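Here is entry_17.pdb, consisting of PDB, N, CA and C atoms, pLDDT in the B column:
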MODEL        1
ATOM      1  N   MET A 275       0.800  -1.202   0.000  1.00 90.00           N
ATOM      2  CA  MET A 275       0.000   0.000   0.000  1.00 90.00           C
ATOM      3  C   MET A 275       0.842   1.265   0.000  1.00 90.00           C
ATOM      4  N   SER A 276       1.941   1.274   0.765  1.00 95.00           N
ATOM      5  CA  SER A 276       2.780   2.471   0.782  1.00 95.00           C
ATOM      6  C   SER A 276       3.801   2.461  -0.342  1.00 95.00           C
ATOM      7  N   GLY A 277       4.133   1.283  -0.850  1.00 96.00           N
ATOM      8  CA  GLY A 277       5.132   1.158  -1.904  1.00 96.00           C
ATOM      9  C   GLY A 277       6.539   0.947  -1.382  1.00 96.00           C
ATOM     10  N   ILE A 278       6.742   1.121  -0.095  1.00 96.00           N
ATOM     11  CA  ILE A 278       8.085   1.018   0.464  1.00 96.00           C
ATOM     12  C   ILE A 278       8.648  -0.396   0.292  1.00 96.00           C
ATOM     13  N   GLY A 279       7.877  -1.400   0.665  1.00 97.00           N
ATOM     14  CA  GLY A 279       8.343  -2.777   0.528  1.00 97.00           C
ATOM     15  C   GLY A 279       8.605  -3.158  -0.912  1.00 97.00           C
ATOM     16  N   HIS A 280       7.755  -2.684  -1.807  1.00 97.00           N
ATOM     17  CA  HIS A 280       7.950  -2.974  -3.232  1.00 97.00           C
ATOM     18  C   HIS A 280       9.257  -2.367  -3.731  1.00 97.00           C
ATOM     19  N   SER A 281       9.545  -1.155  -3.340  1.00 97.00           N
ATOM     20  CA  SER A 281      10.780  -0.525  -3.810  1.00 97.00           C
ATOM     21  C   SER A 281      12.007  -1.207  -3.215  1.00 97.00           C
ATOM     22  N   ILE A 282      11.939  -1.609  -1.956  1.00 97.00           N
ATOM     23  CA  ILE A 282      13.060  -2.328  -1.336  1.00 97.00           C
ATOM     24  C   ILE A 282      13.298  -3.639  -2.077  1.00 97.00           C
ATOM     25  N   ALA A 283      12.237  -4.396  -2.307  1.00 97.00           N
ATOM     26  CA  ALA A 283      12.372  -5.683  -2.994  1.00 97.00           C
ATOM     27  C   ALA A 283      12.878  -5.502  -4.426  1.00 97.00           C
ATOM     28  N   ALA A 284      12.328  -4.566  -5.150  1.00 97.00           N
ATOM     29  CA  ALA A 284      12.735  -4.355  -6.544  1.00 97.00           C
ATOM     30  C   ALA A 284      14.212  -4.000  -6.635  1.00 97.00           C
ATOM     31  N   ASN A 285      14.699  -3.199  -5.701  1.00 94.00           N
ATOM     32  CA  ASN A 285      16.095  -2.767  -5.748  1.00 94.00           C
ATOM     33  C   ASN A 285      17.080  -3.859  -5.355  1.00 94.00           C
ATOM     34  N   LYS A 286      16.599  -5.016  -4.977  1.00 92.00           N
ATOM     35  CA  LYS A 286      17.478  -6.166  -4.728  1.00 92.00           C
ATOM     36  C   LYS A 286      17.861  -6.865  -6.029  1.00 92.00           C
ATOM     37  N   VAL A 287      17.125  -6.590  -7.102  1.00 93.00           N
ATOM     38  CA  VAL A 287      17.368  -7.226  -8.388  1.00 93.00           C
ATOM     39  C   VAL A 287      18.447  -6.428  -9.128  1.00 93.00           C
ATOM     40  N   PRO A 288      19.551  -7.090  -9.512  1.00 90.00           N
ATOM     41  CA  PRO A 288      20.596  -6.373 -10.240  1.00 90.00           C
ATOM     42  C   PRO A 288      20.045  -5.692 -11.496  1.00 90.00           C
ATOM     43  N   GLY A 289      20.442  -4.452 -11.686  1.00 92.00           N
ATOM     44  CA  GLY A 289      20.013  -3.692 -12.853  1.00 92.00           C
ATOM     45  C   GLY A 289      18.715  -2.935 -12.675  1.00 92.00           C
ATOM     46  N   VAL A 290      18.037  -3.160 -11.549  1.00 95.00           N
ATOM     47  CA  VAL A 290      16.794  -2.446 -11.272  1.00 95.00           C
ATOM     48  C   VAL A 290      17.099  -1.225 -10.415  1.00 95.00           C
ATOM     49  N   TYR A 291      16.575  -0.082 -10.844  1.00 96.00           N
ATOM     50  CA  TYR A 291      16.718   1.164 -10.109  1.00 96.00           C
ATOM     51  C   TYR A 291      15.312   1.705  -9.888  1.00 96.00           C
ATOM     52  N   ALA A 292      14.686   1.203  -8.825  1.00 98.00           N
ATOM     53  CA  ALA A 292      13.296   1.532  -8.532  1.00 98.00           C
ATOM     54  C   ALA A 292      13.207   2.816  -7.723  1.00 98.00           C
ATOM     55  N   ALA A 293      12.255   3.654  -8.098  1.00 98.00           N
ATOM     56  CA  ALA A 293      12.026   4.916  -7.398  1.00 98.00           C
ATOM     57  C   ALA A 293      10.613   4.925  -6.838  1.00 98.00           C
ATOM     58  N   LEU A 294      10.510   5.142  -5.545  1.00 98.00           N
ATOM     59  CA  LEU A 294       9.218   5.307  -4.884  1.00 98.00           C
ATOM     60  C   LEU A 294       8.830   6.772  -5.024  1.00 98.00           C
ATOM     61  N   VAL A 295       7.727   7.019  -5.702  1.00 97.00           N
ATOM     62  CA  VAL A 295       7.361   8.369  -6.098  1.00 97.00           C
ATOM     63  C   VAL A 295       5.945   8.686  -5.630  1.00 97.00           C
ATOM     64  N   TYR A 296       5.748   9.911  -5.122  1.00 96.00           N
ATOM     65  CA  TYR A 296       4.430  10.356  -4.664  1.00 96.00           C
ATOM     66  C   TYR A 296       3.904  11.586  -5.395  1.00 96.00           C
ATOM     67  N   ASN A 297       4.715  12.157  -6.312  1.00 96.00           N
ATOM     68  CA  ASN A 297       4.235  13.307  -7.075  1.00 96.00           C
ATOM     69  C   ASN A 297       4.985  13.404  -8.407  1.00 96.00           C
ATOM     70  N   GLN A 298       4.519  14.280  -9.286  1.00 97.00           N
ATOM     71  CA  GLN A 298       5.097  14.409 -10.620  1.00 97.00           C
ATOM     72  C   GLN A 298       6.533  14.923 -10.586  1.00 97.00           C
ATOM     73  N   GLU A 299       6.831  15.840  -9.691  1.00 98.00           N
ATOM     74  CA  GLU A 299       8.192  16.369  -9.618  1.00 98.00           C
ATOM     75  C   GLU A 299       9.182  15.267  -9.258  1.00 98.00           C
ATOM     76  N   ALA A 300       8.850  14.451  -8.269  1.00 97.00           N
ATOM     77  CA  ALA A 300       9.731  13.345  -7.889  1.00 97.00           C
ATOM     78  C   ALA A 300       9.861  12.340  -9.031  1.00 97.00           C
ATOM     79  N   ALA A 301       8.776  12.119  -9.777  1.00 98.00           N
ATOM     80  CA  ALA A 301       8.826  11.208 -10.916  1.00 98.00           C
ATOM     81  C   ALA A 301       9.819  11.709 -11.956  1.00 98.00           C
ATOM     82  N   ALA A 302       9.730  12.984 -12.281  1.00 98.00           N
ATOM     83  CA  ALA A 302      10.646  13.568 -13.263  1.00 98.00           C
ATOM     84  C   ALA A 302      12.088  13.510 -12.767  1.00 98.00           C
ATOM     85  N   LEU A 303      12.305  13.878 -11.519  1.00 98.00           N
ATOM     86  CA  LEU A 303      13.674  13.881 -10.983  1.00 98.00           C
ATOM     87  C   LEU A 303      14.258  12.478 -10.891  1.00 98.00           C
ATOM     88  N   SER A 304      13.414  11.488 -10.602  1.00 98.00           N
ATOM     89  CA  SER A 304      13.925  10.119 -10.511  1.00 98.00           C
ATOM     90  C   SER A 304      14.453   9.636 -11.860  1.00 98.00           C
ATOM     91  N   ARG A 305      13.885  10.140 -12.930  1.00 98.00           N
ATOM     92  CA  ARG A 305      14.363   9.793 -14.272  1.00 98.00           C
ATOM     93  C   ARG A 305      15.524  10.695 -14.689  1.00 98.00           C
ATOM     94  N   MET A 306      15.365  12.025 -14.526  1.00 97.00           N
ATOM     95  CA  MET A 306      16.378  12.974 -14.992  1.00 97.00           C
ATOM     96  C   MET A 306      17.707  12.808 -14.262  1.00 97.00           C
ATOM     97  N   HIS A 307      17.658  12.617 -12.959  1.00 97.00           N
ATOM     98  CA  HIS A 307      18.878  12.626 -12.150  1.00 97.00           C
ATOM     99  C   HIS A 307      19.385  11.245 -11.777  1.00 97.00           C
ATOM    100  N   ASN A 308      18.514  10.231 -11.752  1.00 96.00           N
ATOM    101  CA  ASN A 308      18.925   8.904 -11.279  1.00 96.00           C
ATOM    102  C   ASN A 308      18.699   7.800 -12.301  1.00 96.00           C
ATOM    103  N   ASP A 309      18.069   8.101 -13.422  1.00 97.00           N
ATOM    104  CA  ASP A 309      17.804   7.134 -14.476  1.00 97.00           C
ATOM    105  C   ASP A 309      17.060   5.906 -13.947  1.00 97.00           C
ATOM    106  N   SER A 310      16.059   6.155 -13.102  1.00 98.00           N
ATOM    107  CA  SER A 310      15.272   5.027 -12.571  1.00 98.00           C
ATOM    108  C   SER A 310      14.613   4.283 -13.720  1.00 98.00           C
ATOM    109  N   ASN A 311      14.509   2.960 -13.558  1.00 98.00           N
ATOM    110  CA  ASN A 311      13.886   2.153 -14.613  1.00 98.00           C
ATOM    111  C   ASN A 311      12.686   1.355 -14.106  1.00 98.00           C
ATOM    112  N   VAL A 312      12.339   1.551 -12.840  1.00 98.00           N
ATOM    113  CA  VAL A 312      11.129   0.973 -12.262  1.00 98.00           C
ATOM    114  C   VAL A 312      10.451   2.058 -11.432  1.00 98.00           C
ATOM    115  N   LEU A 313       9.180   2.249 -11.666  1.00 98.00           N
ATOM    116  CA  LEU A 313       8.396   3.236 -10.929  1.00 98.00           C
ATOM    117  C   LEU A 313       7.549   2.508  -9.889  1.00 98.00           C
ATOM    118  N   VAL A 314       7.640   2.947  -8.641  1.00 98.00           N
ATOM    119  CA  VAL A 314       6.834   2.375  -7.561  1.00 98.00           C
ATOM    120  C   VAL A 314       5.925   3.478  -7.033  1.00 98.00           C
ATOM    121  N   LEU A 315       4.635   3.157  -6.913  1.00 97.00           N
ATOM    122  CA  LEU A 315       3.644   4.119  -6.442  1.00 97.00           C
ATOM    123  C   LEU A 315       2.925   3.550  -5.226  1.00 97.00           C
ATOM    124  N   GLY A 316       2.747   4.358  -4.217  1.00 93.00           N
ATOM    125  CA  GLY A 316       2.026   3.937  -3.022  1.00 93.00           C
ATOM    126  C   GLY A 316       0.549   4.265  -3.143  1.00 93.00           C
ATOM    127  N   SER A 317      -0.273   3.251  -3.306  1.00 90.00           N
ATOM    128  CA  SER A 317      -1.707   3.484  -3.516  1.00 90.00           C
ATOM    129  C   SER A 317      -2.395   4.104  -2.309  1.00 90.00           C
ATOM    130  N   LYS A 318      -1.788   3.973  -1.148  1.00 92.00           N
ATOM    131  CA  LYS A 318      -2.381   4.548   0.064  1.00 92.00           C
ATOM    132  C   LYS A 318      -2.338   6.081   0.040  1.00 92.00           C
ATOM    133  N   PHE A 319      -1.394   6.631  -0.704  1.00 92.00           N
ATOM    134  CA  PHE A 319      -1.167   8.070  -0.672  1.00 92.00           C
ATOM    135  C   PHE A 319      -1.481   8.796  -1.976  1.00 92.00           C
ATOM    136  N   ILE A 320      -1.817   8.059  -3.038  1.00 94.00           N
ATOM    137  CA  ILE A 320      -2.029   8.677  -4.342  1.00 94.00           C
ATOM    138  C   ILE A 320      -3.364   8.210  -4.920  1.00 94.00           C
ATOM    139  N   ASP A 321      -4.204   9.162  -5.324  1.00 92.00           N
ATOM    140  CA  ASP A 321      -5.468   8.761  -5.959  1.00 92.00           C
ATOM    141  C   ASP A 321      -5.214   8.418  -7.425  1.00 92.00           C
ATOM    142  N   ASP A 322      -6.199   7.794  -8.062  1.00 92.00           N
ATOM    143  CA  ASP A 322      -6.034   7.280  -9.426  1.00 92.00           C
ATOM    144  C   ASP A 322      -5.670   8.355 -10.436  1.00 92.00           C
ATOM    145  N   ALA A 323      -6.294   9.509 -10.360  1.00 92.00           N
ATOM    146  CA  ALA A 323      -6.021  10.577 -11.326  1.00 92.00           C
ATOM    147  C   ALA A 323      -4.585  11.068 -11.198  1.00 92.00           C
ATOM    148  N   LYS A 324      -4.148  11.280  -9.971  1.00 96.00           N
ATOM    149  CA  LYS A 324      -2.780  11.737  -9.733  1.00 96.00           C
ATOM    150  C   LYS A 324      -1.776  10.660 -10.166  1.00 96.00           C
ATOM    151  N   MET A 325      -2.135   9.402  -9.924  1.00 96.00           N
ATOM    152  CA  MET A 325      -1.258   8.292 -10.294  1.00 96.00           C
ATOM    153  C   MET A 325      -1.009   8.287 -11.805  1.00 96.00           C
ATOM    154  N   LEU A 326      -2.054   8.493 -12.576  1.00 96.00           N
ATOM    155  CA  LEU A 326      -1.915   8.506 -14.029  1.00 96.00           C
ATOM    156  C   LEU A 326      -1.004   9.645 -14.484  1.00 96.00           C
ATOM    157  N   ASP A 327      -1.137  10.813 -13.886  1.00 97.00           N
ATOM    158  CA  ASP A 327      -0.263  11.945 -14.226  1.00 97.00           C
ATOM    159  C   ASP A 327       1.187  11.631 -13.888  1.00 97.00           C
ATOM    160  N   ILE A 328       1.414  10.990 -12.758  1.00 98.00           N
ATOM    161  CA  ILE A 328       2.775  10.620 -12.347  1.00 98.00           C
ATOM    162  C   ILE A 328       3.375   9.637 -13.349  1.00 98.00           C
ATOM    163  N   VAL A 329       2.605   8.639 -13.731  1.00 98.00           N
ATOM    164  CA  VAL A 329       3.095   7.639 -14.692  1.00 98.00           C
ATOM    165  C   VAL A 329       3.432   8.299 -16.022  1.00 98.00           C
ATOM    166  N   LYS A 330       2.581   9.181 -16.510  1.00 98.00           N
ATOM    167  CA  LYS A 330       2.838   9.877 -17.778  1.00 98.00           C
ATOM    168  C   LYS A 330       4.118  10.699 -17.687  1.00 98.00           C
ATOM    169  N   THR A 331       4.300  11.400 -16.575  1.00 98.00           N
ATOM    170  CA  THR A 331       5.509  12.199 -16.390  1.00 98.00           C
ATOM    171  C   THR A 331       6.740  11.311 -16.382  1.00 98.00           C
ATOM    172  N   TRP A 332       6.686  10.228 -15.631  1.00 98.00           N
ATOM    173  CA  TRP A 332       7.830   9.318 -15.512  1.00 98.00           C
ATOM    174  C   TRP A 332       8.194   8.728 -16.876  1.00 98.00           C
ATOM    175  N   LEU A 333       7.186   8.289 -17.627  1.00 98.00           N
ATOM    176  CA  LEU A 333       7.438   7.674 -18.933  1.00 98.00           C
ATOM    177  C   LEU A 333       7.969   8.665 -19.969  1.00 98.00           C
ATOM    178  N   SER A 334       7.634   9.925 -19.826  1.00 98.00           N
ATOM    179  CA  SER A 334       8.035  10.920 -20.836  1.00 98.00           C
ATOM    180  C   SER A 334       9.305  11.681 -20.468  1.00 98.00           C
ATOM    181  N   THR A 335       9.928  11.329 -19.366  1.00 98.00           N
ATOM    182  CA  THR A 335      11.122  12.041 -18.911  1.00 98.00           C
ATOM    183  C   THR A 335      12.361  11.194 -19.178  1.00 98.00           C
ATOM    184  N   ASP A 336      13.395  11.820 -19.731  1.00 98.00           N
ATOM    185  CA  ASP A 336      14.650  11.135 -20.042  1.00 98.00           C
ATOM    186  C   ASP A 336      15.730  11.460 -19.009  1.00 98.00           C
ATOM    187  N   PHE A 337      16.710  10.591 -18.934  1.00 98.00           N
ATOM    188  CA  PHE A 337      17.890  10.809 -18.097  1.00 98.00           C
ATOM    189  C   PHE A 337      18.711  11.945 -18.696  1.00 98.00           C
ATOM    190  N   GLU A 338      19.126  12.889 -17.856  1.00 96.00           N
ATOM    191  CA  GLU A 338      19.888  14.046 -18.328  1.00 96.00           C
ATOM    192  C   GLU A 338      21.354  13.723 -18.578  1.00 96.00           C
ATOM    193  N   GLY A 339      21.875  12.695 -17.913  1.00 95.00           N
ATOM    194  CA  GLY A 339      23.300  12.410 -18.053  1.00 95.00           C
ATOM    195  C   GLY A 339      24.113  13.518 -17.416  1.00 95.00           C
ATOM    196  N   GLY A 340      25.171  13.964 -18.096  1.00 95.00           N
ATOM    197  CA  GLY A 340      26.002  15.058 -17.586  1.00 95.00           C
ATOM    198  C   GLY A 340      26.504  14.789 -16.178  1.00 95.00           C
ATOM    199  N   ARG A 341      26.292  15.740 -15.296  1.00 94.00           N
ATOM    200  CA  ARG A 341      26.784  15.625 -13.923  1.00 94.00           C
ATOM    201  C   ARG A 341      26.139  14.472 -13.158  1.00 94.00           C
ATOM    202  N   HIS A 342      24.993  13.989 -13.643  1.00 95.00           N
ATOM    203  CA  HIS A 342      24.291  12.894 -12.972  1.00 95.00           C
ATOM    204  C   HIS A 342      24.853  11.526 -13.359  1.00 95.00           C
ATOM    205  N   LEU A 343      25.609  11.487 -14.432  1.00 96.00           N
ATOM    206  CA  LEU A 343      26.194  10.233 -14.897  1.00 96.00           C
ATOM    207  C   LEU A 343      27.169   9.662 -13.865  1.00 96.00           C
ATOM    208  N   ARG A 344      27.907  10.521 -13.203  1.00 95.00           N
ATOM    209  CA  ARG A 344      28.857  10.062 -12.173  1.00 95.00           C
ATOM    210  C   ARG A 344      28.133   9.303 -11.068  1.00 95.00           C
ATOM    211  N   ARG A 345      26.999   9.821 -10.590  1.00 92.00           N
ATOM    212  CA  ARG A 345      26.229   9.158  -9.525  1.00 92.00           C
ATOM    213  C   ARG A 345      25.706   7.812 -10.015  1.00 92.00           C
ATOM    214  N   LYS A 346      25.227   7.786 -11.241  1.00 94.00           N
ATOM    215  CA  LYS A 346      24.728   6.529 -11.801  1.00 94.00           C
ATOM    216  C   LYS A 346      25.844   5.486 -11.844  1.00 94.00           C
ATOM    217  N   GLU A 347      27.023   5.898 -12.258  1.00 94.00           N
ATOM    218  CA  GLU A 347      28.170   4.983 -12.308  1.00 94.00           C
ATOM    219  C   GLU A 347      28.564   4.517 -10.906  1.00 94.00           C
ATOM    220  N   GLN A 348      28.496   5.401  -9.918  1.00 94.00           N
ATOM    221  CA  GLN A 348      28.798   5.010  -8.543  1.00 94.00           C
ATOM    222  C   GLN A 348      27.805   3.955  -8.046  1.00 94.00           C
ATOM    223  N   ILE A 349      26.540   4.136  -8.361  1.00 92.00           N
ATOM    224  CA  ILE A 349      25.514   3.165  -7.975  1.00 92.00           C
ATOM    225  C   ILE A 349      25.776   1.830  -8.657  1.00 92.00           C
ATOM    226  N   GLN A 350      26.122   1.866  -9.924  1.00 92.00           N
ATOM    227  CA  GLN A 350      26.407   0.631 -10.650  1.00 92.00           C
ATOM    228  C   GLN A 350      27.633  -0.082 -10.075  1.00 92.00           C
ATOM    229  N   ASN A 351      28.638   0.678  -9.653  1.00 93.00           N
ATOM    230  CA  ASN A 351      29.826   0.084  -9.027  1.00 93.00           C
ATOM    231  C   ASN A 351      29.462  -0.615  -7.720  1.00 93.00           C
ATOM    232  N   ILE A 352      28.621   0.002  -6.919  1.00 92.00           N
ATOM    233  CA  ILE A 352      28.163  -0.616  -5.669  1.00 92.00           C
ATOM    234  C   ILE A 352      27.416  -1.906  -5.988  1.00 92.00           C
ATOM    235  N   GLU A 353      26.554  -1.847  -6.965  1.00 90.00           N
ATOM    236  CA  GLU A 353      25.780  -3.024  -7.361  1.00 90.00           C
ATOM    237  C   GLU A 353      26.703  -4.170  -7.785  1.00 90.00           C
ATOM    238  N   ARG A 354      27.707  -3.865  -8.615  1.00 90.00           N
ATOM    239  CA  ARG A 354      28.644  -4.905  -9.070  1.00 90.00           C
ATOM    240  C   ARG A 354      29.400  -5.498  -7.892  1.00 90.00           C
ATOM    241  N   GLU A 355      29.839  -4.653  -6.967  1.00 91.00           N
ATOM    242  CA  GLU A 355      30.633  -5.110  -5.824  1.00 91.00           C
ATOM    243  C   GLU A 355      29.829  -6.054  -4.927  1.00 91.00           C
ATOM    244  N   PHE A 356      28.577  -5.754  -4.685  1.00 88.00           N
ATOM    245  CA  PHE A 356      27.787  -6.518  -3.721  1.00 88.00           C
ATOM    246  C   PHE A 356      26.919  -7.608  -4.334  1.00 88.00           C
ATOM    247  N   SER A 357      26.926  -7.743  -5.656  1.00 82.00           N
ATOM    248  CA  SER A 357      26.119  -8.806  -6.246  1.00 82.00           C
ATOM    249  C   SER A 357      27.005  -9.925  -6.807  1.00 82.00           C
ATOM    250  N   LYS A 358      28.211 -10.008  -6.266  1.00 72.00           N
ATOM    251  CA  LYS A 358      29.119 -11.099  -6.674  1.00 72.00           C
ATOM    252  C   LYS A 358      28.729 -12.387  -5.999  1.00 72.00           C
TER
ENDMDL
END
Would you write the structure of this file as structure tokens?
Amino acid sequence: MSGIGHSIAANKVPGVYAALVYNQEAAALSRMHNDSNVLVLGSKFIDDAKMLDIVKTWLSTDFEGGRHLRRKEQIQNIEREFSK
């Protein structure tokens, strides 16, 4: 219902970068700055209309790269180190 458990579980899978999102701004930032590839929504806190707007925003937003690429690479390095 909150999405917290889903995001924790999803992020255990190598290559998954799940973002728990409650609004459109967080959805956009999760893609632009972190290149999230799984969207997690907490149904307890988001109504259906807002949920649809969040999904549309998340799907239409691209990763910016640039200064955010370093963080993405750091996350990938952690993933490689601990998934051996």
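Considering all atoms listed in the file, the residue among A:Ser276, A:Leu294, A:Ala301, A:Asn308 positioned nearest to Arg345 in chain A is A:Asn308.
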Excluding range 324-326 of chain A and residues on its chain fewer than 6 positions from it, collect all residues at most 8 Å away from it, counting all atoms listed in the file, and give them as a tab-separated table (two decimals) with N, CA and C atoms, in the frame of the given file.
chain	number	residue	atom	x	y	z
A	296	TYR	N	5.75	9.91	-5.12
A	296	TYR	CA	4.43	10.36	-4.66
A	296	TYR	C	3.90	11.59	-5.40
A	297	ASN	N	4.72	12.16	-6.31
A	297	ASN	CA	4.24	13.31	-7.08
A	297	ASN	C	4.99	13.40	-8.41
A	298	GLN	N	4.52	14.28	-9.29
A	298	GLN	CA	5.10	14.41	-10.62
A	298	GLN	C	6.53	14.92	-10.59
A	315	LEU	N	4.64	3.16	-6.91
A	315	LEU	CA	3.64	4.12	-6.44
A	315	LEU	C	2.92	3.55	-5.23
A	332	TRP	N	6.69	10.23	-15.63
A	332	TRP	CA	7.83	9.32	-15.51
A	332	TRP	C	8.19	8.73	-16.88
Evaluating the PyMOL selection byres ((chain A and resi 307) around 7) on the displayed file yields which residues, as a compact mmCIF listing (two decimals) with N, CA and C atoms, in the frame of the given file?
# COMPACT_ATOMS: atom_id res chain seq x y z
N ALA A 302 9.73 12.98 -12.28
CA ALA A 302 10.65 13.57 -13.26
C ALA A 302 12.09 13.51 -12.77
N LEU A 303 12.30 13.88 -11.52
CA LEU A 303 13.67 13.88 -10.98
C LEU A 303 14.26 12.48 -10.89
N SER A 304 13.41 11.49 -10.60
CA SER A 304 13.92 10.12 -10.51
C SER A 304 14.45 9.64 -11.86
N ARG A 305 13.88 10.14 -12.93
CA ARG A 305 14.36 9.79 -14.27
C ARG A 305 15.52 10.70 -14.69
N MET A 306 15.36 12.02 -14.53
CA MET A 306 16.38 12.97 -14.99
C MET A 306 17.71 12.81 -14.26
N ASN A 308 18.51 10.23 -11.75
CA ASN A 308 18.92 8.90 -11.28
C ASN A 308 18.70 7.80 -12.30
N ASP A 309 18.07 8.10 -13.42
CA ASP A 309 17.80 7.13 -14.48
C ASP A 309 17.06 5.91 -13.95
N SER A 310 16.06 6.16 -13.10
CA SER A 310 15.27 5.03 -12.57
C SER A 310 14.61 4.28 -13.72
N ASP A 336 13.40 11.82 -19.73
CA ASP A 336 14.65 11.14 -20.04
C ASP A 336 15.73 11.46 -19.01
N PHE A 337 16.71 10.59 -18.93
CA PHE A 337 17.89 10.81 -18.10
C PHE A 337 18.71 11.94 -18.70
N GLU A 338 19.13 12.89 -17.86
CA GLU A 338 19.89 14.05 -18.33
C GLU A 338 21.35 13.72 -18.58
N GLY A 339 21.88 12.70 -17.91
CA GLY A 339 23.30 12.41 -18.05
C GLY A 339 24.11 13.52 -17.42
N HIS A 342 24.99 13.99 -13.64
CA HIS A 342 24.29 12.89 -12.97
C HIS A 342 24.85 11.53 -13.36
N LEU A 343 25.61 11.49 -14.43
CA LEU A 343 26.19 10.23 -14.90
C LEU A 343 27.17 9.66 -13.86
N LYS A 346 25.23 7.79 -11.24
CA LYS A 346 24.73 6.53 -11.80
C LYS A 346 25.84 5.49 -11.84
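Remark: for Thr331 in chain A, the closest of the candidate residues A:Val290, A:Leu313, A:Ala283, A:Met275 is A:Leu313 (distances computed over only C-alpha atoms).
Residue nearest Val295 in chain A within the list A:Val314, A:Ile328, A:Ile320, A:Leu333: A:Val314 [criterion: smallest interatomic distance, only N, CA and C atoms].
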Item to complete: as an MDAnalysis selection string, please: all residues of range 275-343 of chain A that backbone DSSP puts in helix (DSSP H, G or I).
Response: chainID A and resid 278:284 298:306 322:334 341:343
Discussion item. I need the strand (DSSP E) residues of chain A per DSSP on the backbone, written as a ChimeraX atom specification.
Written reply: /A:292-295,312-315
Response to the item:
Atom pair CA of Ser317 in chain A + CA of Asn285 in chain A, distance 19.0 Å
Practice prompt. Specify as a PyMOL selection string each residue included when the PyMOL selection byres (((chain A and resi 287-289 and name CA) around 12) and name CA) is applied to this file.
Written response: chain A and resi 280-286+290-292+309-312+346-347+349-358
Worksheet item: Expressed in Å to a single decimal, how great is the separation between atom N of Gly279 in chain A and atom C of Gly316 in chain A?
Response: 10.0 Å
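Atom C of Phe319 in chain A is found 11.4 Å from atom N of Ile278 in chain A.
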